[in-house]
Every structure is written in structure tokens, then in C-alpha cells.
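Peer 1: To start, I am sharing the structure in question, which I have written as C-alpha cells.
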Amino acid sequence: VAAAFLPLYGWLPLSGGLAALGFAYPVWSWRRLAAASRFLDQELALLRAQLGAAAPPPRAGGDPFAARIAEVRAASNALKTLHDTRAETLAFISHDLRAPLAQALGALGERMADVAAPLARAHALAEDFLHASRAEMADPARFEELDLAAVAHQAADDAWRAAQAKSLALVRRLPDVPVWVRGDFGLLHRAVLNLLGNAIKHAPAQGRVELELVCGEGCARLIVADDGPGIAPAEQAKLFAPGATLAAGARAGGAGLGLYFVRTVAEKHGGAVGVSSAPGVRTEFAVTLPSSECHIPPAQ
């Protein structure tokens, strides 16, 4: 009789395991669906923040999970449409607006200064808008390792003539060894050149502009300083906003896009930009970027 029950006894543990698996699989599936749902909600929040008023309306009714997927798809399509529109706008500005302005400026020369001046401002505005838009659209996934010291040297070389025109001393404190960052050479070069041009514009004749690059723990800090009139603390918060100008001159540039461009470039590279100044005190702009490897030896 005992032998007759042995096969049944052998199946009991197996049936218990199957029951456990049957219970665990729905729980595992539910957890995966919950994780996917949270991910979709996060993506939707990010897409809606990027799209703003252009975001598609939420979908009601039906399967909530399928509705989320449809919303993400619709928001992604809307974002792609916006990017395509911006690319077309940039192409228009690059060719249909910049080229005629440059030709008109070249034809006028100094013969009609009253007409050339507003044309030059329009051309500068188009250039600033184009650079700012390119910075906003930059893809950090395409950045490469580059030497920030070489970028700074190139920008200083390009700004040297403007400094000489005001009899300014352009002082470089740059290392002779590489300072590696991951980035886009053109964007970083333009950002440093913007800071140098800003400093040259506001430094007094016979004054000095300083360009310095130092390393900290895991970061590189590029500093541009001038001995101009300084900036009031209340005005400093406005400097990096698009279209910003100051009461006592346009530190942000003619169209208020120069320092906005610098901020955008710094943030795209995982860094930040700041300013230290006060009326009657020299002004320092500092761009801090993550550095994969700083080869600058410690000060003695």
C-alpha cells in the first residue's frame, strides 16, 4: 500500500514548485509593466516640458498603457517637427539672410556709414542667433576628447587684433600641457571668443584682459577677466538670459545673445558659467567644465 502512494508523494514537491512559479510570473509581469509605466510617464513629462504649448493633449479612455504609448509617439513626432522647422529656419538665416547682408556690407564699405552701421548690426544679430541655435541643438553624444588649453589659445589668437586696436594687454595664463575635456571645438572656441570680445569691449583703453585656465578635482575652470567698470549684483542675474541688456551698456552683446550662447554651451558640456563683479571692481567670467584628465601639475 505504501508503495502505491510513492508516485504521488514524488509529485507533491513538483506541484508546489509549479504553483509558486504560476504565482510569481504574474507578479514579475506586473512589476515590469509598472516599471515601463513609470518610464513612459517620465518620458512624457520630459517631452511635454520641451514642447510647452505645442505638446499634444492627454488621451482619455481605453487602455491606459496603450494611451501612454500613443502620447509618447505623438509627442516625439511633434518634437521632431519642431526640430525640422528650426533646421529650416537656420538654413534660411544662414543663406537667405546672412549672405545678402554680408554682400551689402562689402559693397558699401565706408562710403555710406549711416547705412552700413544698421546693416552691420543686422548681420551681427543673424550671426548671434545662428550660433545660439546651433548651441541649443548640439548633441553631446557626438562630442570628442579635446584639449581645452588649445581651444583657449586659438580664441586668444583670434581676439588679439581687437585687443591691439584698444591698446589692451591680452594676458594668457594657460598651461603648456593638455587639459582634456569632452566637447565640441567650434562651440567652445566661440564661447571663449565671446567672453574675450566682451571683456575687450568693456575694458578701458590701455587696460588689460586676462585669460586663465586652472584645474580642480575633475573639472577645468576657464576665467576671462577685465578691469572695466564692473557690474552691479542686481544686473548680474540678467546677463545670461536671451535678449538681456544692461542699463549701463549691453554686457550681453548687441542682441543679448552672446552670454546666453556661452551659458548654453557650458550647460551642453555638463558645466556652468558664472560671473564675479561689482561696480568699480574687475569683472571675472568663469566657465567650469568636467575634465576627464587634468595634466596641470600642482602649484609649487
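Letters A, B, ... mark the chains of the C-alpha cells in the order given; residue numbers begin at 1 per chain; ligand numbers begin at 1, in order shown.
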Just the residues within 10 Å of Phe261 of chain A, please, counting only C-alpha atoms, with nothing from its chain fewer than 3 positions along; format it as a list in words.

Peer 2: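 The neighbour list is Asp128, Phe129, His131, Ala132, Ser133, Arg134, Ala135, Glu136, Leu187, Arg190, Ala191, Asn194, Phe240, Ala241, Pro242, Ala252, Gly256, Leu257, Gly258, Thr264, Val265, Ala266 and Glu267 of chain A.
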
Peer 1: Can you work out which one of A:Ala234, A:Leu195, A:Leu79, A:Ile223 has the shortest atom-to-atom distance to Tyr260 of chain A, counting only C-alpha atoms?

Peer 2: A:Leu195

Peer 1: Name the closest residue to Ala165 of chain A among the candidates A:Leu193, A:Ala205, A:Leu289, A:Ala126; distances are taken between atoms, counting only C-alpha atoms.

Peer 2: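 Closest to Ala165 of chain A of all the choices is A:Ala205.
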
Peer 1: Extract, using only C-alpha atoms, all DNA, RNA and protein residues at most 12 Å from Ala199 of chain A, discarding same-chain residues fewer than 3 positions from it, and format them as a PyMOL selection string.

Peer 2: chain A and resi 156+159+162-163+166+168-170+192-196+202-205+207-211+223-230+250-253+258-259+282-285

Peer 1: Mind the document's chain letters and residue numbers, and return as an NGL selection string the residues of segment 127-287 of chain A that DSSP labels helix (DSSP H, G or I).

Peer 2: :A and (127-136 or 140-142 or 148-165 or 185-202 or 233-236 or 258-268)

Peer 1: Could you jot down the atom CA of Gly280 of chain A to atom CA of Ile231 of chain A separation for me, Å, one decimal place?

Peer 2: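 Taking atom CA of Gly280 of chain A and atom CA of Ile231 of chain A, their separation equals 8.1 Å.
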
Peer 1: Quick check, in Å to one decimal: how far apart do atom CA of Arg68 of chain A and atom CA of Met137 of chain A lie?

Peer 2: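 Spanning atom CA of Arg68 of chain A to atom CA of Met137 of chain A is a straight-line distance of 26.6 Å.
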
Peer 1: Would you mind listing what lies within 9 Å of Glu217 of chain A as a list in words, with only C-alpha atoms counted and same-chain residues fewer than 2 positions away left out?

Peer 2: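 Listed by chain and then number, they are Cys215, Cys219, Ala220, Ser291 and Cys294 of chain A.
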
Peer 1: Report, in Å with one decimal, the straight-line distance from atom CA of Ala141 of chain A to atom CA of Gly270 of chain A.

Peer 2: 11.8 Å
